[in-house]
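> Coordinates in start.txt, compact mmCIF, C-alpha atoms, are listed below.
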# COMPACT_ATOMS: atom_id res chain seq x y z
CA MET A 1 171.39 81.53 -6.55
CA GLU A 2 171.48 81.09 -10.30
CA GLN A 3 168.67 83.59 -10.61
CA THR A 4 170.52 86.16 -8.54
CA VAL A 5 173.66 85.75 -10.62
CA PHE A 6 171.66 86.01 -13.82
CA TYR A 7 169.95 89.21 -12.78
CA LEU A 8 173.25 90.69 -11.63
CA PHE A 9 174.84 89.82 -14.97
CA ALA A 10 171.85 91.13 -16.90
CA PHE A 11 171.98 94.40 -14.98
CA ILE A 12 175.70 94.84 -15.66
CA ILE A 13 175.27 93.96 -19.33
CA ILE A 14 172.39 96.33 -19.94
CA VAL A 15 173.91 99.23 -18.02
CA SER A 16 177.29 98.91 -19.70
CA ALA A 17 175.67 98.49 -23.12
CA LEU A 18 173.69 101.67 -22.51
CA ALA A 19 176.94 103.33 -21.53
CA VAL A 20 178.53 102.12 -24.77
CA VAL A 21 175.86 103.76 -26.88
CA SER A 22 175.44 106.95 -24.86
CA ILE A 23 178.72 108.13 -23.36
CA LYS A 24 180.47 111.03 -25.07
CA ASN A 25 184.05 109.88 -24.55
CA ILE A 26 184.75 107.15 -27.09
CA PHE A 27 187.58 105.68 -25.04
CA HIS A 28 185.29 105.18 -22.05
CA CYS A 29 182.82 103.59 -24.44
CA ALA A 30 185.45 101.01 -25.38
CA LEU A 31 186.13 100.26 -21.72
CA PHE A 32 182.42 99.74 -21.06
CA LEU A 33 182.31 97.51 -24.12
CA VAL A 34 185.02 95.36 -22.54
CA LEU A 35 182.97 95.13 -19.34
CA CYS A 36 179.84 94.22 -21.30
CA LEU A 37 181.56 91.51 -23.36
CA PHE A 38 183.22 90.05 -20.29
CA THR A 39 179.89 89.81 -18.48
CA ILE A 40 178.35 88.18 -21.54
CA GLY A 41 181.05 85.54 -21.12
CA GLY A 42 179.68 85.06 -17.61
CA VAL A 43 176.22 84.51 -19.07
CA PHE A 44 177.72 81.82 -21.28
CA VAL A 45 179.00 80.08 -18.17
CA LEU A 46 175.48 80.27 -16.75
CA LEU A 47 174.27 78.60 -19.93
CA GLN A 48 176.79 75.80 -19.40
CA ALA A 49 178.85 76.79 -22.43
CA GLU A 50 182.25 77.03 -20.78
CA PHE A 51 184.20 76.65 -24.00
CA LEU A 52 182.26 79.51 -25.57
CA ALA A 53 182.95 81.61 -22.48
CA VAL A 54 186.68 81.09 -22.88
CA ILE A 55 186.41 81.88 -26.60
CA GLN A 56 184.45 85.02 -25.74
CA VAL A 57 187.08 86.28 -23.33
CA LEU A 58 189.95 85.42 -25.65
CA LEU A 59 188.46 86.73 -28.86
CA TYR A 60 186.22 89.60 -27.87
CA VAL A 61 187.86 90.95 -24.76
CA GLY A 62 191.35 90.00 -25.85
CA ALA A 63 191.30 90.76 -29.54
CA VAL A 64 188.31 92.73 -30.79
CA ALA A 65 188.17 95.22 -27.92
CA ILE A 66 191.91 95.79 -28.06
CA LEU A 67 191.57 96.32 -31.80
CA MET A 68 188.87 98.91 -31.13
CA ILE A 69 191.06 100.70 -28.62
CA PHE A 70 193.93 100.71 -31.09
CA ALA A 71 191.68 102.19 -33.75
CA ILE A 72 190.48 104.83 -31.30
CA MET A 73 194.06 105.75 -30.47
CA LEU A 74 194.94 105.94 -34.16
CA THR A 75 191.99 107.97 -35.29
CA SER A 76 190.87 110.36 -32.60
CA ARG A 77 192.99 113.14 -31.36
CA LEU A 78 192.34 112.74 -27.69
CA ALA A 79 193.09 116.33 -26.82
CA GLY A 80 191.54 117.67 -29.96
CA ARG A 81 188.24 119.35 -30.62
CA GLU A 82 185.11 117.95 -29.14
CA VAL A 83 183.19 115.92 -31.69
CA MET A 84 179.47 115.47 -31.56
CA MET A 85 178.93 111.81 -30.81
CA THR A 86 175.32 111.39 -31.77
CA ASN A 87 173.47 112.60 -34.80
CA GLU A 88 170.17 114.42 -34.87
CA HIS A 89 168.05 111.27 -35.02
CA THR A 90 168.33 110.37 -31.34
CA PHE A 91 164.62 110.46 -30.64
CA LEU A 92 163.66 108.57 -33.79
CA GLY A 93 166.40 105.98 -33.20
CA GLY A 94 165.31 105.45 -29.63
CA PHE A 95 161.72 105.02 -30.71
CA LEU A 96 162.67 102.54 -33.43
CA SER A 97 164.85 100.43 -31.14
CA LEU A 98 162.21 100.37 -28.41
CA ALA A 99 159.69 99.25 -31.00
CA LEU A 100 162.13 96.58 -32.18
CA VAL A 101 162.64 95.30 -28.64
CA PHE A 102 158.90 95.15 -28.04
CA ILE A 103 158.28 93.34 -31.32
CA LEU A 104 161.00 90.81 -30.49
CA ILE A 105 159.72 90.18 -26.97
CA PHE A 106 156.12 89.97 -28.16
CA SER A 107 157.01 87.50 -30.88
CA PHE A 108 159.02 85.11 -28.75
CA VAL A 109 156.61 85.23 -25.85
CA ASN A 110 153.88 84.12 -28.22
CA THR A 111 155.95 81.33 -29.75
CA SER A 112 156.01 77.81 -28.36
CA PHE A 113 159.56 76.62 -28.68
CA PRO A 114 160.38 72.91 -28.49
CA THR A 115 161.90 73.59 -25.10
CA ASP A 116 158.46 73.51 -23.74
CA SER A 117 157.74 70.32 -25.56
CA ARG A 118 155.15 70.06 -22.92
CA PHE A 119 152.76 67.21 -22.64
CA LYS A 120 149.40 66.98 -21.15
CA ILE A 121 148.85 63.70 -19.44
CA ASP A 122 145.46 62.99 -18.05
CA LEU A 123 145.42 60.20 -15.54
CA GLU A 124 141.67 60.10 -15.34
CA GLY A 125 141.22 59.43 -18.99
CA ASN A 126 139.48 62.61 -19.96
CA ARG A 127 139.84 63.81 -23.45
CA LEU A 128 142.19 66.72 -23.65
CA PRO A 129 140.94 69.73 -25.51
CA ASP A 130 143.86 70.88 -27.62
CA ALA A 131 146.37 69.27 -29.89
CA ALA A 132 148.11 67.37 -27.12
CA SER A 133 146.56 63.96 -26.73
CA TYR A 134 147.40 60.97 -24.60
CA TYR A 135 146.87 57.33 -24.13
CA LEU A 136 146.76 55.44 -20.85
CA PRO A 137 145.93 51.75 -20.84
CA GLN A 138 145.30 51.35 -17.16
CA SER A 139 145.21 53.61 -14.21
CA GLY A 140 145.12 52.22 -10.74
CA ALA A 141 147.90 49.68 -10.55
CA THR A 142 150.78 50.97 -8.51
CA GLU A 143 153.32 48.21 -8.89
CA HIS A 144 153.36 48.09 -12.64
CA PRO A 145 154.41 51.16 -14.50
CA LEU A 146 151.84 52.78 -16.64
CA ASP A 147 152.69 53.62 -20.16
CA ALA A 148 151.52 56.77 -21.77
CA VAL A 149 151.85 58.31 -25.17
CA GLY A 150 151.90 62.04 -25.36
CA LEU A 151 151.72 64.05 -28.52
CA ASP A 152 153.37 67.38 -28.32
CA LEU A 153 151.86 70.51 -29.79
CA THR A 154 152.87 69.58 -33.29
CA GLY A 155 151.58 66.05 -33.09
CA TYR A 156 154.83 64.16 -32.58
CA PRO A 157 154.55 61.14 -30.29
CA TYR A 158 156.53 60.62 -27.11
CA TYR A 159 156.31 57.52 -24.96
CA PHE A 160 156.36 57.70 -21.22
CA GLN A 161 156.55 55.38 -18.30
CA ILE A 162 154.55 56.61 -15.36
CA LYS A 163 154.83 55.30 -11.85
CA LEU A 164 152.26 55.97 -9.22
CA ASP A 165 152.73 55.96 -5.50
CA GLN A 166 150.37 54.43 -2.97
CA GLN A 167 147.97 57.34 -3.05
CA GLY A 168 147.64 57.06 -6.78
CA SER A 169 149.48 60.27 -7.58
CA VAL A 170 152.37 60.41 -9.96
CA SER A 171 155.71 59.76 -8.36
CA GLN A 172 157.92 59.38 -11.38
CA ILE A 173 157.73 59.89 -15.12
CA ARG A 174 160.36 58.63 -17.52
CA LEU A 175 160.66 59.35 -21.18
CA LEU A 176 160.97 56.09 -23.11
CA ASN A 177 161.89 55.19 -26.62
CA ARG A 178 159.32 56.34 -29.01
CA THR A 179 159.64 54.14 -32.07
CA ASP A 180 160.60 50.57 -32.85
CA SER A 181 164.23 51.06 -33.71
CA ASP A 182 165.61 50.82 -30.24
CA ASP A 183 169.28 51.31 -31.00
CA LEU A 184 168.56 54.56 -32.76
CA ASN A 185 166.53 55.80 -29.90
CA ALA A 186 169.07 54.67 -27.39
CA ALA A 187 171.49 57.02 -29.07
CA MET A 188 168.80 59.66 -29.29
CA MET A 189 167.88 59.50 -25.70
CA ALA A 190 171.36 59.35 -24.26
CA GLY A 191 171.43 61.85 -21.48
CA ILE A 192 167.86 63.00 -21.96
CA LYS A 193 166.23 60.24 -20.02
CA SER A 194 165.51 62.07 -16.87
CA LEU A 195 162.70 64.50 -16.71
CA LYS A 196 162.70 67.65 -14.71
CA PHE A 197 159.54 69.25 -13.58
CA ASP A 198 158.91 72.90 -13.09
CA GLY A 199 157.35 73.74 -9.81
CA PRO A 200 157.84 72.35 -6.34
CA ASN A 201 154.61 70.42 -6.01
CA ILE A 202 155.16 67.96 -8.79
CA PRO A 203 152.22 65.55 -8.53
CA ALA A 204 149.55 68.18 -8.16
CA ASP A 205 150.88 70.08 -11.13
CA LEU A 206 151.32 66.98 -13.17
CA ILE A 207 147.86 65.54 -13.24
CA ASN A 208 146.00 67.18 -16.08
CA GLY A 209 148.78 69.69 -16.30
CA TRP A 210 151.77 70.59 -18.36
CA PHE A 211 155.22 69.47 -17.59
CA SER A 212 158.49 69.98 -19.36
CA TYR A 213 161.81 68.29 -19.40
CA SER A 214 165.36 69.54 -19.66
CA TYR A 215 168.87 68.28 -20.02
CA PRO A 216 170.40 66.68 -16.93
CA ALA A 217 172.80 68.81 -14.97
CA ASP A 218 176.02 67.27 -16.26
CA HIS A 219 174.98 67.02 -19.89
CA PHE A 220 177.12 69.91 -21.09
CA SER A 221 180.26 68.99 -19.20
CA ASN A 222 183.39 68.32 -21.22
CA SER A 223 182.03 70.50 -23.95
CA ALA A 224 185.34 71.37 -25.61
CA HIS A 225 185.96 67.76 -26.53
CA LYS A 226 182.51 67.28 -28.00
CA ILE A 227 182.54 70.58 -29.88
CA GLY A 228 185.95 69.78 -31.32
CA THR A 229 184.78 66.37 -32.46
CA ARG A 230 181.71 67.90 -34.03
CA LEU A 231 183.74 70.56 -35.81
CA MET A 232 186.03 67.97 -37.30
CA GLN A 233 183.27 65.60 -38.36
CA THR A 234 179.89 67.04 -39.17
CA PHE A 235 180.78 70.69 -39.55
CA VAL A 236 184.13 70.36 -41.26
CA LEU A 237 182.99 72.13 -44.43
CA PRO A 238 181.67 75.26 -42.66
CA PHE A 239 184.81 75.19 -40.55
CA GLU A 240 187.03 75.32 -43.63
CA ILE A 241 184.87 78.01 -45.21
CA VAL A 242 185.19 80.14 -42.08
CA SER A 243 188.95 79.69 -42.09
CA ILE A 244 189.11 80.87 -45.71
CA LEU A 245 186.89 83.81 -44.75
CA LEU A 246 189.23 84.74 -41.91
CA LEU A 247 192.20 84.59 -44.28
CA ALA A 248 190.35 86.79 -46.77
CA ALA A 249 189.48 89.27 -44.00
CA LEU A 250 193.13 89.36 -42.91
CA ILE A 251 194.41 90.05 -46.42
CA GLY A 252 191.59 92.48 -47.08
CA ALA A 253 192.31 94.48 -43.96
CA ILE A 254 195.97 94.73 -44.84
CA VAL A 255 195.22 95.79 -48.41
CA ILE A 256 192.64 98.36 -47.35
CA ALA A 257 194.63 99.98 -44.57
CA ARG A 258 197.96 99.96 -46.41
CA ARG A 259 199.28 103.33 -47.44
CA GLU A 260 199.35 103.78 -51.18
CA GLY A 261 202.74 103.70 -52.82
CA SER A 262 204.48 101.75 -50.11
CA MET B 1 165.97 80.35 -15.22
CA THR B 2 164.04 79.79 -18.39
CA LEU B 3 164.69 80.39 -22.03
CA MET B 4 162.57 83.53 -21.92
CA HIS B 5 164.95 85.27 -19.51
CA TYR B 6 167.87 84.84 -21.85
CA LEU B 7 165.82 85.75 -24.91
CA SER B 8 164.66 88.92 -23.19
CA LEU B 9 168.21 89.86 -22.25
CA ALA B 10 169.35 89.26 -25.83
CA ALA B 11 166.45 91.26 -27.25
CA ILE B 12 167.22 94.23 -25.00
CA LEU B 13 170.91 94.03 -25.87
CA PHE B 14 170.05 93.85 -29.57
CA GLY B 15 167.83 96.91 -29.22
CA ILE B 16 170.57 98.87 -27.47
CA GLY B 17 173.03 97.95 -30.21
CA PHE B 18 170.49 98.92 -32.86
CA TYR B 19 170.02 102.29 -31.18
CA GLY B 20 173.79 102.80 -31.21
CA VAL B 21 174.07 101.92 -34.88
CA LEU B 22 171.27 104.33 -35.74
CA THR B 23 172.37 107.32 -33.70
CA ARG B 24 176.15 107.29 -33.38
CA ARG B 25 178.26 109.50 -35.62
CA ASN B 26 181.64 108.08 -34.70
CA ALA B 27 182.39 105.13 -36.97
CA ILE B 28 184.15 103.20 -34.22
CA ALA B 29 181.14 103.66 -31.95
CA VAL B 30 178.97 102.25 -34.72
CA LEU B 31 181.26 99.23 -34.92
CA MET B 32 181.07 98.76 -31.15
CA SER B 33 177.27 98.84 -31.30
CA LEU B 34 177.47 96.21 -34.03
CA GLU B 35 179.51 94.05 -31.67
CA LEU B 36 176.72 94.39 -29.10
CA MET B 37 174.22 93.14 -31.68
CA PHE B 38 176.46 90.21 -32.59
CA ASN B 39 176.69 89.28 -28.92
CA ALA B 40 172.93 89.40 -28.54
CA VAL B 41 172.65 86.89 -31.37
CA THR B 42 175.28 84.69 -29.76
CA ILE B 43 173.39 84.71 -26.45
CA ASN B 44 170.29 83.65 -28.36
CA LEU B 45 172.09 80.77 -30.04
CA ILE B 46 173.58 79.44 -26.83
CA ALA B 47 170.32 79.81 -24.91
CA PHE B 48 168.48 77.85 -27.58
CA ASN B 49 171.25 75.28 -27.47
CA ARG B 50 170.84 74.95 -23.74
CA TYR B 51 167.09 74.83 -23.49
CA VAL B 52 165.70 73.48 -26.75
CA ILE B 53 166.08 69.76 -27.00
CA PRO B 54 166.47 68.74 -30.61
CA PHE B 55 164.36 65.63 -30.80
CA ARG B 56 163.18 66.65 -34.18
CA LEU B 57 166.55 66.01 -35.76
CA GLU B 58 165.74 62.33 -35.87
CA GLU B 59 162.70 62.88 -38.00
CA PHE B 60 164.54 65.44 -40.09
CA GLY B 61 167.43 63.06 -40.66
CA MET B 62 165.06 60.32 -41.73
CA ARG B 63 163.48 62.64 -44.23
CA MET B 64 166.87 63.60 -45.53
CA GLY B 65 167.75 59.94 -45.95
CA PHE B 66 170.35 59.55 -43.23
CA SER B 67 170.56 56.15 -41.66
CA GLY B 68 170.73 55.11 -38.05
CA SER B 69 174.04 56.20 -36.64
CA SER B 70 174.76 59.30 -38.66
CA ALA B 71 176.54 61.96 -36.72
CA PHE B 72 174.06 64.43 -38.06
CA MET B 73 171.24 62.74 -36.27
CA THR B 74 172.53 62.33 -32.77
CA PRO B 75 171.42 65.47 -31.01
CA ASP B 76 174.02 65.68 -28.32
CA GLY B 77 173.12 69.31 -27.98
CA TYR B 78 176.10 71.24 -29.30
CA ILE B 79 174.91 72.54 -32.65
CA GLY B 80 173.95 75.92 -31.24
CA GLN B 81 177.35 76.34 -29.63
CA ILE B 82 179.07 75.48 -32.90
CA PHE B 83 177.02 78.06 -34.73
CA ALA B 84 177.92 80.53 -31.99
CA ILE B 85 181.59 79.81 -32.70
CA PHE B 86 180.97 80.63 -36.36
CA VAL B 87 179.21 83.85 -35.40
CA ILE B 88 182.14 84.88 -33.20
CA ALA B 89 184.65 84.13 -35.96
CA ILE B 90 182.70 86.10 -38.53
CA ALA B 91 182.27 88.98 -36.06
CA ALA B 92 186.05 89.05 -35.62
CA ALA B 93 186.51 89.20 -39.39
CA GLU B 94 183.93 91.97 -39.60
CA ALA B 95 185.66 93.98 -36.89
CA THR B 96 189.01 93.63 -38.66
CA VAL B 97 187.77 94.79 -42.05
CA GLY B 98 185.55 97.45 -40.50
CA LEU B 99 188.38 99.00 -38.54
CA ALA B 100 190.61 98.96 -41.62
CA ILE B 101 187.88 100.87 -43.46
CA VAL B 102 187.64 103.28 -40.52
CA ILE B 103 191.35 103.99 -40.71
CA LEU B 104 191.01 104.56 -44.45
CA ILE B 105 188.14 106.97 -43.82
CA TYR B 106 190.24 108.77 -41.26
CA ARG B 107 193.05 109.24 -43.77
CA ARG B 108 190.71 110.40 -46.51
CA TRP B 109 188.50 112.77 -44.51
CA ARG B 110 190.71 113.58 -41.51
CA GLY B 111 187.96 112.37 -39.19
CA ILE B 112 185.66 109.43 -38.66
CA ASP B 113 182.32 111.18 -38.73
CA ILE B 114 180.04 108.73 -40.50
CA ASP B 115 177.71 111.52 -41.64
CA ARG B 116 180.42 113.03 -43.76
CA VAL B 117 180.99 109.78 -45.60
CA ASN B 118 178.24 110.19 -48.16
CA LEU B 119 179.90 109.55 -51.49
CA LEU B 120 177.59 106.65 -52.25
CA LYS B 121 174.50 108.55 -51.17
CA TRP B 122 172.24 109.78 -53.93
Write the structure described by the file as structure tokens, please.


Amino acid sequence: MEQTVFYLFAFIIIVSALAVVSIKNIFHCALFLVLCLFTIGGVFVLLQAEFLAVIQVLLYVGAVAILMIFAIMLTSRLAGREVMMTNEHTFLGGFLSLALVFILIFSFVNTSFPTDSRFKIDLEGNRLPDAASYYLPQSGATEHPLDAVGLDLTGYPYYFQIKLDQQGSVSQIRLLNRTDSDDLNAAMMAGIKSLKFDGPNIPADLINGWFSYSYPADHFSNSAHKIGTRLMQTFVLPFEIVSILLLAALIGAIVIARREGS
Amino acid sequence: MTLMHYLSLAAILFGIGFYGVLTRRNAIAVLMSLELMFNAVTINLIAFNRYVIPFRLEEFGMRMGFSGSSAFMTPDGYIGQIFAIFVIAIAAAEATVGLAIVILIYRRWRGIDIDRVNLLKW
């Protein structure tokens, strides 16, 4: 379901963005820009950033796009002469942007982000070949949870509690506190305690395999409250700087666009 | 859905916006393509915020000398969204000033063809 919605949104975004950069009529371009920005707000909802989605609709669709349309109305004579919309570098520009897209995709496909802070856990005690290592004191007991230490790809330790079922395969893995200062880690781990596995057949994938974790489903709920608290506490200095910047942009726009002598 | 899907979407959107900036002659169309690029960056920020779990902030905060309960160190997972808010605000400021400049260009040259605005070109 989520995948279907994502691909639908991605299709709308890409098609309308292509329309924005290729249609002759500048007014239709602005309308496609509105569609594109609105759908990007939908992608924000998919990413569980509801507050950002509302901001996107209010600011981009409501303010920036309307500003664009106003500027189009003010500057282009709609019934006037036909203006060439693209310059003579269409082929070169297309080649450069395709190259840029390929470089971007190549670079982030070949990067291991901390999202796949993936761990290799070997329940049979074999030494793992690459940087991820492990430690298992005992394997075999099913009642008592096994503890494991996994190092991620950069060598940072994570502590796990592993439970086995009767057949000796992994039934549950929990991320535990990693260091001695428990109160710190309790705050650190709030909401990140549950692990989610990729793939339907969890135990078979898990033994000697990679797994990854993610935020629980309700982690990003009530985001406006948390973002507001953050903006007023940790990020209050950038917040004030941005407000001064907005004031400067307001005054600058008025000064630039004002007619001389008035 | 994984992080790669969103990064791919943002990369394609960024490339389309880049193409528009390179090839459009209408100044307002150039500004609209810039908005596409800004939105690609915002998608990136929010996708990283959603999928990258910032465990490393603890270690970073210890190196920076923050103590246990500093607000800087608790990675509740909203830093990317806050930076996205800053990006949106700065994009709004950019659009305002840019459109004011476009109107000025229109008054000066009776048109908004970017290729004719070459006073600063050597």

> Could you work out an axis-aligned box for stretch 94-99 of chain B, taking every atom the file lists and adding 3 Å on each side, and report centre and edge lengths in Å to one decimal, as JSON?


{"center_x": 186.5, "center_y": 95.5, "center_z": -39.5, "size_x": 11.1, "size_y": 13.0, "size_z": 11.2}

> So, counting only C-alpha atoms, which residue among B:His5, B:Arg107, B:Arg24, B:Arg116 is closest to chain A?

B:Arg24

> What does the distance between atom CA of A:Leu67 and atom CA of B:Ala29 come to in Å, to one decimal place?

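It comes out at 12.8 Å.
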
> Pull out every residue of chain B sitting within 6 Å of chain A, counting only C-alpha atoms, and send them as JSON, numbers by chain.

{"B": [11, 12, 15, 19, 20, 22, 23, 24, 25, 51, 52, 53, 68, 74, 93, 97, 100, 104]}

> Those residues you just picked out, can you put them in a file as a PDB file, keeping the file's coordinate frame with C-alpha atoms?


ATOM      1  CA  ALA B  11     166.450  91.260 -27.250  1.00  0.00           C
ATOM      2  CA  ILE B  12     167.220  94.230 -25.000  1.00  0.00           C
ATOM      3  CA  GLY B  15     167.830  96.910 -29.220  1.00  0.00           C
ATOM      4  CA  TYR B  19     170.020 102.290 -31.180  1.00  0.00           C
ATOM      5  CA  GLY B  20     173.790 102.800 -31.210  1.00  0.00           C
ATOM      6  CA  LEU B  22     171.270 104.330 -35.740  1.00  0.00           C
ATOM      7  CA  THR B  23     172.370 107.320 -33.700  1.00  0.00           C
ATOM      8  CA  ARG B  24     176.150 107.290 -33.380  1.00  0.00           C
ATOM      9  CA  ARG B  25     178.260 109.500 -35.620  1.00  0.00           C
ATOM     10  CA  TYR B  51     167.090  74.830 -23.490  1.00  0.00           C
ATOM     11  CA  VAL B  52     165.700  73.480 -26.750  1.00  0.00           C
ATOM     12  CA  ILE B  53     166.080  69.760 -27.000  1.00  0.00           C
ATOM     13  CA  GLY B  68     170.730  55.110 -38.050  1.00  0.00           C
ATOM     14  CA  THR B  74     172.530  62.330 -32.770  1.00  0.00           C
ATOM     15  CA  ALA B  93     186.510  89.200 -39.390  1.00  0.00           C
ATOM     16  CA  VAL B  97     187.770  94.790 -42.050  1.00  0.00           C
ATOM     17  CA  ALA B 100     190.610  98.960 -41.620  1.00  0.00           C
ATOM     18  CA  LEU B 104     191.010 104.560 -44.450  1.00  0.00           C
TER      19      LEU B 104
END

> Skipping near chain neighbours, those fewer than 4 positions away, what residues fall within 7 Å of B:Asn26 using all atoms listed in the file, listed as a VMD selection string?

(chain A and resid 85) or (chain B and resid 30 112 to 114)

> Can you tell me how far atom CA of B:Leu3 sits from atom CA of A:Val45, in Å to one decimal?

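For atom CA of B:Leu3 relative to atom CA of A:Val45, the distance reads 14.8 Å.
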